[in-house]
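Chemist: Got a structure for you, questions after.
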Amino acid sequence: MLIFFGLLALYISWLPKNLFADPYSTIIYDEHNELLGAHIAKDGQWRFPYSDSVPDKFKTCITFFEDEYFYRHLGVNPISLSKAFVKNSKSGKIKSGGSTITMQVARLMRKNRSRTYWEKFVEILLAFRIELSYKKNSILNTYACHAPFGSNVVGLHAASWRYFGRSPNKLSWAECALLAVLPNAPSLIYPGKNHKALLNKRNRLLKKLYDNKVIDESTYHLSLEEGIPDKAFAIPQYSPHLLARAASENGAGKIYFSTLNKNLQQQINAALNNHIQTLSSNSIYNAGALVIETETGKVIAYVGNSFSATNEHDNYVDVVEAPRSTGSILKPFLYASMLNDSKILPNMLLEDIPMQMGSYAPKNFNLTYDGLVPASMALARSLNVPAVKMLQEFGVSRFQYQLQKLGFKNFTKPASHYGLSLILGGGEATLWDIASAYASMGRTLSHYSNYMGKYDANDYHDAIYLQSEIETKKSIQKTSLLSAGSIWYTFNAMTELARPEDYASWSRFFSSNRIAWKTGTSFGFRDAWAVGVNAKYTVAVWVGNADGEGRPGLTGISAAAPLMFAVFNLLPSHAWFKMPYQDMTKIVVCKQSGYKASDVCPDKIVESVPKNATKTSLCPYHKMIHLNATGMYRVNSNCYPVAQMQHKAWFITSPVQEYYFKQHSSFYQPLPPYLPQCQTEISTHQIDIVYPRPGFKIYIPYEQSEEKGRLILKAMHKNNAATIFWHLDGKYIGSTQKFHQMEVLPAKGKHILEVIDEQGESMTCAFEIVDKESSVNK
């Protein structure tokens with residue numbers, strides 16, 4: 001009795017928890033369960049993970065062909081076994097197994113061991129045991145998922161895609177019949193091998209279905225007319241980089257249901273590859289693109305790199321996840337943070353002149369300066385000097401912390417490592433983090449209106465590419481990382497960016513979409529970025545070479561922005577963000593300076609600004625000056641009758657600011673000169689050195705004639721009639737009037753420049769001539 005119960009316990013525990021331990025292919029589907037791609041299993045087989053979605057057509061075909069009494073027996077069909085035994089005995093060898101589908105599952109579990117009577121007995125015992133634990137449909141699904149279908153194709157789903165290029169639920173009766181006959185002799189007959197024999201087997205099964213009234217006459221004859229494939233199809237690979245990412249982050253051999261849209265993914269694949277084909281003439285070979293639903297954060301398109309059959313240019317690299325120098329792509333986050341923290345108003349003037357901070361000397365991309373520029377225009381034109389000055393005021397450590405809260409994961413080194421270059425590409429970020437952060441800003445702005453002037457703390461999060469990661473939890477609160485008003489003005493400034501001159505589709509795009517967008521270019525022309533946001537979509541693009549090689553013309557505006565616009569053209573148009581009225585307040589602003597108006601500002605306007613921005617300072621540029629009766633000269637009470645004076649508010653800048661600002665400003669008027677007898681009462685700074693600035697390191701290149709080039713010294717005086725006297729290293733080198741420039745040829749090393757006017761006011765500047773072009777001020 002003990003032996004009996006022992007054997008019974010052994011029999012019950014004989015069946016493993018998982019019938020199969022085979023490695024599976026990694027599969028990824030889109031939001032509508034359309035196949036996006038698959039990786040072959042590690043044993044070299046196309047074997048899709050278990051699925052319970054076996055279509056009824058195939059179930060009917062496989063049971064009619066392999067096991068007509070499948071739903072009636074308990075795992076073994078004695079009649080079939082008897083017939084097989086008689087047949088094998090007469091022939092003297094095993095020609096028929098008489099196995100049921102359940103017994104075939106047992107055989108597949110045991111890896112198709114040699115066909116012996118003992119092995120058959122073991123399969124019978126296993127079949128009974130399987131029937132005790134599993135329902136018929138589950139057994140049939142297990143068989144369909146693990147049966148061999150010829151070559152390295154295992155399972156119905158893999159076979160359907162390999163032989164017909166579509167999912168099993170879209171197969172016809174003829175196609176299901178063809179697949180049903182393959183597991184019977186998969187090594188001998190499959191598409192591309194023994195074509196005629198395969199066709200005859202399929203047709204005999206179709207005749208059996210017709211005879212049993214499973215299919216009607218019309219379906220039967222139409223099915224007979226269908227051909228059979230000559231060779232296998234390639235498994236779709238619409239998003240191979242996302243598939244690899246899902247396997248890396250969550251494990252291989254699984255099915256992943258992504259948030260992607262297959263049709264859009266295919267369109268963007270084509271657009272990106274066409275774009276790279278054009279750029280390849282300039283040896284630019286790689287690009288990546290992301291499209292995110294702004295409100296939800298769901299990724300609906302993920303192109304990790306351009307396509308290359310040979311991977312000659314590192315096309316296997318997922319550039320969406322690759323950290324790259326950010327260029328100017330972070331500037332909107334700084335602008336929004338400055339607004340949020342009451343450090344600027346949207347159009348407040350920022351200084352834009354040549355600068356040197358220790359060894360760091362940032363320059364604008366086009367090597368020109370405005371003297372003073374509205375903050376919104378500094379962002380729209382992506383000017384570097386005003387951005388560095390903003391970062392200097394905001395603080396590098398504080399901005400780094402802000403970026404980390406926005407979701408950037410690569411700024412992990414001490415703030416001193418990045419310094420002020422952080423805003424110009426001194427750090428690295430991924431396309432994923434950049435797109436996620438911009439989408440989070442857009443989401444916050446959209447939800448502010450939806451939540452009646454409040455914020456959802458969960459709005460700042462990474463983009464989502466798996467349906468299982470979607471969360472609907474809300475955490476409503478009164479404050480946010482960035483206020484809605486700050487984001488609103490940032491996005492509005494970003495709509496003013498200059499459009500790519502060579503992108504013919506821009507006019508068509510602009511008529512249907514309004515987007516906030518920003519480009520970026522890294523040092524050495526190695527990385528080109530473009531990001532665009534509206535209330536519905538966020539599109540982010542990177543273009544460059546995966547190996548880091550820089551190329552002339554590889555800029556955000558010329559290489560990345562056209563691709564971003566092309567992607568937006570594939571998306572439905574959508575309304576712009578709603579203005580966040582509840583986070584706005586009206587204040588009186590100086591029309592010329594963009595600051596809060598002081599009492600002396602002559603032109604005042606009322607503007608809506610973010611509530612957080614009301615603590616900014618008053619206009620520092622407008623000051624009261626005293627003019628003579630004609631208004632042509634400045635005077636004071638020591639040299640002119642007060643009763644005859646005119647008192648007027650005047651926009652006053654420093655000499656260097658004036659030098660650049662007057663070239664671009666439509667309203668700027670230089671200060672009138674002093675009345676001659678009032679010259680000794682001059683109280684404002686009159687003279688300055690424009691170039692070089694203190695601390696500059698300058699490299700002087702050779703001319704085409706192979707002669708050493710000259711250095712052009714520049715100075716500025718507020719009195720156009722003034723004479724400036726120039727001294728270099730204590731030696732007088734000349735004087736200038738009206739146009740204050742001096743050409744010199746200084747030797748390598750450190751120098752002191754001094755300029756003096758007729759009144760004795762002077763200015764000095766220390767600079768250095770170097771013999772290497774790196775880290776210099778041109």
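Just remember, in the structure tokens the first chain shown is A, the second B, etc., residues are 1-based per chain, and ligands are 1-based in the order shown.
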Applying 7 Å and only C-alpha atoms, which residues near Cys765 in chain A remain after dropping the ones on its own chain fewer than 5 positions away? List them as a PyMOL selection string.
Modeler: chain A and resi 693-694+752-754
Chemist: Give the alpha helix (DSSP H) residues of range 508-660 of chain A, as assigned by DSSP on the backbone, as an mmCIF file with N, CA and C atoms, in the first residue's frame.
Modeler:
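As written to disk, selection-v3.cif reads:
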```
data_model
loop_
_atom_site.group_PDB
_atom_site.id
_atom_site.type_symbol
_atom_site.label_atom_id
_atom_site.label_comp_id
_atom_site.auth_asym_id
_atom_site.auth_seq_id
_atom_site.Cartn_x
_atom_site.Cartn_y
_atom_site.Cartn_z
ATOM 1 N N ARG A 508 3.491 75.530 -45.021
ATOM 2 C CA ARG A 508 2.344 74.640 -44.945
ATOM 3 C C ARG A 508 2.146 74.148 -43.514
ATOM 4 N N PHE A 509 3.253 73.882 -42.847
ATOM 5 C CA PHE A 509 3.175 73.412 -41.469
ATOM 6 C C PHE A 509 2.593 74.492 -40.562
ATOM 7 N N PHE A 510 3.067 75.720 -40.727
ATOM 8 C CA PHE A 510 2.654 76.785 -39.824
ATOM 9 C C PHE A 510 1.163 77.055 -39.912
ATOM 10 N N SER A 511 0.576 76.828 -41.070
ATOM 11 C CA SER A 511 -0.854 77.112 -41.232
ATOM 12 C C SER A 511 -1.720 76.158 -40.423
ATOM 13 N N SER A 512 -1.193 75.004 -40.051
ATOM 14 C CA SER A 512 -2.020 74.017 -39.353
ATOM 15 C C SER A 512 -1.562 73.741 -37.925
ATOM 16 N N ALA A 561 16.054 70.412 -37.196
ATOM 17 C CA ALA A 561 14.738 71.059 -37.254
ATOM 18 C C ALA A 561 13.906 70.618 -38.463
ATOM 19 N N PRO A 562 14.480 70.493 -39.669
ATOM 20 C CA PRO A 562 13.650 70.035 -40.793
ATOM 21 C C PRO A 562 13.020 68.664 -40.562
ATOM 22 N N LEU A 563 13.749 67.762 -39.898
ATOM 23 C CA LEU A 563 13.181 66.449 -39.600
ATOM 24 C C LEU A 563 12.059 66.577 -38.576
ATOM 25 N N MET A 564 12.251 67.430 -37.588
ATOM 26 C CA MET A 564 11.203 67.639 -36.588
ATOM 27 C C MET A 564 9.929 68.174 -37.249
ATOM 28 N N PHE A 565 10.073 69.140 -38.167
ATOM 29 C CA PHE A 565 8.908 69.671 -38.871
ATOM 30 C C PHE A 565 8.235 68.596 -39.726
ATOM 31 N N ALA A 566 9.063 67.756 -40.353
ATOM 32 C CA ALA A 566 8.513 66.675 -41.173
ATOM 33 C C ALA A 566 7.683 65.725 -40.318
ATOM 34 N N VAL A 567 8.137 65.465 -39.098
ATOM 35 C CA VAL A 567 7.377 64.597 -38.191
ATOM 36 C C VAL A 567 6.071 65.276 -37.784
ATOM 37 N N PHE A 568 6.128 66.560 -37.438
ATOM 38 C CA PHE A 568 4.900 67.270 -37.076
ATOM 39 C C PHE A 568 3.904 67.278 -38.230
ATOM 40 N N ASN A 569 4.400 67.311 -39.450
ATOM 41 C CA ASN A 569 3.500 67.283 -40.604
ATOM 42 C C ASN A 569 2.753 65.957 -40.726
ATOM 43 N N PRO A 655 28.986 102.437 -21.967
ATOM 44 C CA PRO A 655 29.577 102.662 -23.302
ATOM 45 C C PRO A 655 29.643 101.401 -24.155
ATOM 46 N N VAL A 656 30.019 100.264 -23.553
ATOM 47 C CA VAL A 656 30.122 99.025 -24.348
ATOM 48 C C VAL A 656 28.740 98.559 -24.774
ATOM 49 N N GLN A 657 27.772 98.623 -23.879
ATOM 50 C CA GLN A 657 26.406 98.269 -24.260
ATOM 51 C C GLN A 657 25.931 99.149 -25.400
ATOM 52 N N GLU A 658 26.207 100.435 -25.306
ATOM 53 C CA GLU A 658 25.774 101.383 -26.351
ATOM 54 C C GLU A 658 26.405 101.064 -27.690
ATOM 55 N N TYR A 659 27.687 100.669 -27.672
ATOM 56 C CA TYR A 659 28.401 100.387 -28.918
ATOM 57 C C TYR A 659 27.649 99.367 -29.769
ATOM 58 N N TYR A 660 27.142 98.315 -29.124
ATOM 59 C CA TYR A 660 26.415 97.275 -29.858
ATOM 60 C C TYR A 660 24.929 97.600 -29.976
#
```
Chemist: Need the shell around range 353-355 of chain A: protein/DNA/RNA residues with any atom at most 9 Å away, counting only C-alpha atoms. Skip same-chain ones fewer than 3 positions apart. Format as a PyMOL selection string?
Modeler: chain A and resi 360-364+368-372+385-386+656-657+660+690-696+777
Chemist: Those same residues - N, CA and C atoms - I'd like them written as a compact mmCIF listing (two decimals), in the first residue's frame.
Modeler:
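Written out: part_10.txt:
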```txt
# COMPACT_ATOMS: atom_id res chain seq x y z
N TYR A 360 36.83 81.02 -19.02
CA TYR A 360 35.65 80.73 -19.83
C TYR A 360 35.22 81.98 -20.59
N ALA A 361 35.09 81.87 -21.89
CA ALA A 361 34.74 83.01 -22.73
C ALA A 361 33.65 82.61 -23.73
N PRO A 362 32.39 82.61 -23.31
CA PRO A 362 31.31 82.23 -24.24
C PRO A 362 31.10 83.27 -25.34
N LYS A 363 30.68 82.81 -26.48
CA LYS A 363 30.40 83.68 -27.61
C LYS A 363 29.06 83.29 -28.22
N ASN A 364 28.39 84.23 -28.82
CA ASN A 364 27.17 83.90 -29.56
C ASN A 364 27.54 83.11 -30.81
N THR A 368 28.25 87.78 -33.15
CA THR A 368 27.82 89.18 -33.06
C THR A 368 27.14 89.39 -31.71
N TYR A 369 26.94 90.67 -31.37
CA TYR A 369 26.36 91.02 -30.08
C TYR A 369 25.35 92.14 -30.26
N ASP A 370 24.37 92.17 -29.37
CA ASP A 370 23.32 93.19 -29.43
C ASP A 370 23.48 94.27 -28.38
N GLY A 371 24.39 94.10 -27.46
CA GLY A 371 24.53 95.05 -26.38
C GLY A 371 23.50 94.79 -25.29
N LEU A 372 22.24 94.96 -25.64
CA LEU A 372 21.10 94.62 -24.78
C LEU A 372 20.06 93.94 -25.64
N VAL A 385 25.55 84.44 -24.80
CA VAL A 385 26.03 85.32 -23.74
C VAL A 385 24.92 85.65 -22.74
N PRO A 386 23.72 86.08 -23.17
CA PRO A 386 22.66 86.33 -22.19
C PRO A 386 22.30 85.08 -21.38
N VAL A 656 30.02 100.26 -23.55
CA VAL A 656 30.12 99.03 -24.35
C VAL A 656 28.74 98.56 -24.77
N GLN A 657 27.77 98.62 -23.88
CA GLN A 657 26.41 98.27 -24.26
C GLN A 657 25.93 99.15 -25.40
N TYR A 660 27.14 98.32 -29.12
CA TYR A 660 26.41 97.27 -29.86
C TYR A 660 24.93 97.60 -29.98
N VAL A 690 35.84 98.29 -25.98
CA VAL A 690 34.89 97.32 -26.51
C VAL A 690 35.58 95.99 -26.79
N TYR A 691 36.78 96.06 -27.38
CA TYR A 691 37.51 94.83 -27.68
C TYR A 691 39.00 95.13 -27.68
N PRO A 692 39.76 94.30 -26.98
CA PRO A 692 39.36 93.10 -26.22
C PRO A 692 38.78 93.47 -24.86
N ARG A 693 38.08 92.51 -24.28
CA ARG A 693 37.56 92.69 -22.93
C ARG A 693 38.59 92.15 -21.93
N PRO A 694 38.52 92.58 -20.69
CA PRO A 694 39.51 92.14 -19.69
C PRO A 694 39.61 90.61 -19.61
N GLY A 695 40.85 90.12 -19.65
CA GLY A 695 41.11 88.69 -19.50
C GLY A 695 41.05 87.89 -20.78
N PHE A 696 40.75 88.54 -21.90
CA PHE A 696 40.63 87.80 -23.16
C PHE A 696 41.97 87.19 -23.55
N ASN A 777 39.34 83.99 -27.51
CA ASN A 777 38.25 84.92 -27.85
C ASN A 777 38.57 85.56 -29.18
```
Chemist: Which distance in Å separates CA of Glu758 in chain A and CA of Gln741 in chain A, to one decimal?
Modeler: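 Spanning CA of Glu758 in chain A to CA of Gln741 in chain A is a straight-line distance of 16.7 Å.
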Chemist: Taking 6 positions as the minimum chain separation for residues in the same chain, which residues sit within 8 Å of range 69-78 of chain A when counting only C-alpha atoms? Answer as a VMD selection string.
Modeler: chain A and resid 63 98 to 103 124 127 to 128 130 to 131 136
Chemist: Find the residues near range 477-484 of chain A: any atom within 7 Å, counting only C-alpha atoms, skip ones fewer than 2 places away on the same chain, and give them as a PyMOL selection string.
Modeler: chain A and resi 337+340+444-445+448+454-457+475+486-488+580+583
Chemist: Work out how far apart CA of Thr495 in chain A and CA of Trp517 in chain A are and give it in Å to one decimal.
Modeler: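 Going from CA of Thr495 in chain A over to CA of Trp517 in chain A covers 6.2 Å.
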Chemist: So which bits of range 499-608 of chain A end up strand (DSSP E) when you DSSP the backbone, as a ChimeraX atom specification?
Modeler: /A:516-521,527-533,537-544,584-590,604-608
Chemist: How would the residues just chosen look if you wrote them out with N, CA and C atoms as a compact mmCIF listing (two decimals), in the first residue's frame?
Modeler:
```
# COMPACT_ATOMS: atom_id res chain seq x y z
N ALA A 516 5.88 75.32 -29.83
CA ALA A 516 7.04 75.90 -29.17
C ALA A 516 8.21 74.98 -29.49
N TRP A 517 9.28 75.53 -30.03
CA TRP A 517 10.36 74.65 -30.43
C TRP A 517 11.72 75.27 -30.16
N LYS A 518 12.70 74.41 -30.04
CA LYS A 518 14.07 74.83 -29.72
C LYS A 518 15.05 73.89 -30.40
N THR A 519 16.15 74.48 -30.85
CA THR A 519 17.22 73.67 -31.43
C THR A 519 18.46 73.76 -30.56
N GLY A 520 19.41 72.90 -30.82
CA GLY A 520 20.68 72.93 -30.10
C GLY A 520 21.78 72.34 -30.97
N THR A 521 22.98 72.87 -30.81
CA THR A 521 24.15 72.38 -31.54
C THR A 521 25.31 72.28 -30.57
N ASP A 527 26.54 67.25 -32.48
CA ASP A 527 25.16 66.89 -32.14
C ASP A 527 24.22 68.00 -32.59
N ALA A 528 23.16 67.61 -33.27
CA ALA A 528 22.11 68.55 -33.67
C ALA A 528 20.80 68.11 -33.03
N TRP A 529 20.17 69.03 -32.30
CA TRP A 529 18.93 68.74 -31.58
C TRP A 529 17.80 69.61 -32.10
N ALA A 530 16.58 69.10 -31.98
CA ALA A 530 15.38 69.91 -32.20
C ALA A 530 14.25 69.29 -31.39
N VAL A 531 13.54 70.13 -30.66
CA VAL A 531 12.39 69.68 -29.85
C VAL A 531 11.24 70.63 -30.11
N GLY A 532 10.04 70.08 -30.28
CA GLY A 532 8.84 70.89 -30.46
C GLY A 532 7.73 70.39 -29.56
N VAL A 533 6.91 71.32 -29.05
CA VAL A 533 5.84 70.97 -28.13
C VAL A 533 4.57 71.73 -28.49
N TYR A 537 1.19 67.01 -28.75
CA TYR A 537 2.36 66.19 -29.04
C TYR A 537 3.66 66.89 -28.66
N THR A 538 4.64 66.08 -28.30
CA THR A 538 6.02 66.52 -28.12
C THR A 538 6.89 65.70 -29.06
N VAL A 539 7.66 66.38 -29.90
CA VAL A 539 8.53 65.71 -30.87
C VAL A 539 9.96 66.11 -30.57
N ALA A 540 10.84 65.14 -30.44
CA ALA A 540 12.26 65.40 -30.17
C ALA A 540 13.11 64.63 -31.17
N VAL A 541 14.14 65.30 -31.68
CA VAL A 541 14.98 64.73 -32.74
C VAL A 541 16.45 64.98 -32.41
N TRP A 542 17.27 63.99 -32.66
CA TRP A 542 18.73 64.14 -32.62
C TRP A 542 19.29 63.69 -33.94
N VAL A 543 20.28 64.41 -34.47
CA VAL A 543 20.94 64.05 -35.71
C VAL A 543 22.45 64.20 -35.51
N GLY A 544 23.20 63.26 -36.03
CA GLY A 544 24.67 63.33 -35.91
C GLY A 544 25.29 62.02 -36.33
N MET A 584 -1.61 84.61 -13.78
CA MET A 584 -1.14 85.85 -14.38
C MET A 584 -1.60 87.04 -13.55
N THR A 585 -0.85 88.10 -13.62
CA THR A 585 -1.25 89.36 -13.02
C THR A 585 -0.78 90.49 -13.93
N LYS A 586 -1.46 91.62 -13.88
CA LYS A 586 -1.10 92.75 -14.73
C LYS A 586 -0.23 93.73 -13.95
N ILE A 587 0.85 94.17 -14.59
CA ILE A 587 1.72 95.18 -13.99
C ILE A 587 2.07 96.22 -15.05
N VAL A 588 2.58 97.36 -14.60
CA VAL A 588 3.01 98.42 -15.50
C VAL A 588 4.49 98.19 -15.82
N VAL A 589 4.79 98.08 -17.10
CA VAL A 589 6.12 97.73 -17.57
C VAL A 589 6.68 98.86 -18.42
N CYS A 590 7.99 99.07 -18.32
CA CYS A 590 8.66 100.01 -19.21
C CYS A 590 8.73 99.43 -20.61
N LYS A 604 5.04 103.68 -20.77
CA LYS A 604 4.63 102.60 -19.89
C LYS A 604 3.47 101.83 -20.51
N ILE A 605 3.52 100.54 -20.38
CA ILE A 605 2.45 99.69 -20.90
C ILE A 605 2.04 98.72 -19.80
N VAL A 606 0.82 98.24 -19.89
CA VAL A 606 0.31 97.25 -18.94
C VAL A 606 0.42 95.87 -19.58
N GLU A 607 1.10 94.98 -18.91
CA GLU A 607 1.30 93.63 -19.45
C GLU A 607 0.90 92.59 -18.41
N SER A 608 0.43 91.44 -18.91
CA SER A 608 0.22 90.28 -18.05
C SER A 608 1.53 89.54 -17.89
```
Chemist: Report as a ChimeraX atom specification all protein, DNA and RNA residues lying within 9 Å of Leu330 in chain A, evaluated on only C-alpha atoms, omitting residues in the same chain fewer than 3 positions from it.
Modeler: /A:326-327,333-334,403,422-425,434,518,520
Chemist: Excluding Pro240 in chain A and any residue of its chain fewer than 5 positions from it, enumerate the residues within 8 Å of it, using only C-alpha atoms, and give them as a list in words.
Modeler: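 The neighbour list is Gly37, Ala38 and Gly304 of chain A.
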Chemist: Keeping all heavy atoms for every residue in the selection just given, could you write it to a file as an mmCIF file, in the first residue's frame?
Modeler:
```cif
data_model
loop_
_atom_site.group_PDB
_atom_site.id
_atom_site.type_symbol
_atom_site.label_atom_id
_atom_site.label_comp_id
_atom_site.auth_asym_id
_atom_site.auth_seq_id
_atom_site.Cartn_x
_atom_site.Cartn_y
_atom_site.Cartn_z
ATOM 1 N N GLY A 37 7.847 44.103 -33.765
ATOM 2 C CA GLY A 37 9.137 43.462 -33.972
ATOM 3 C C GLY A 37 9.345 42.297 -33.034
ATOM 4 O O GLY A 37 8.568 42.057 -32.105
ATOM 5 N N ALA A 38 10.407 41.544 -33.298
ATOM 6 C CA ALA A 38 10.737 40.376 -32.477
ATOM 7 C C ALA A 38 12.233 40.107 -32.562
ATOM 8 O O ALA A 38 12.870 40.398 -33.578
ATOM 9 C CB ALA A 38 9.951 39.157 -32.947
ATOM 10 N N GLY A 304 15.031 54.622 -32.815
ATOM 11 C CA GLY A 304 16.309 54.671 -32.109
ATOM 12 C C GLY A 304 17.495 55.000 -32.983
ATOM 13 O O GLY A 304 18.532 55.439 -32.484
#
```
Chemist: Please determine, counting only C-alpha atoms, which residue among A:Ala766, A:Leu554, A:Leu206, A:Leu19 has the shortest atom-to-atom distance to Arg107 in chain A.
Modeler: A:Leu19
Chemist: What is the CA of Asp56 in chain A-CA of Ser138 in chain A distance in Å, reported with one decimal?
Modeler: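 One can read the CA of Asp56 in chain A to CA of Ser138 in chain A distance as 13.3 Å.
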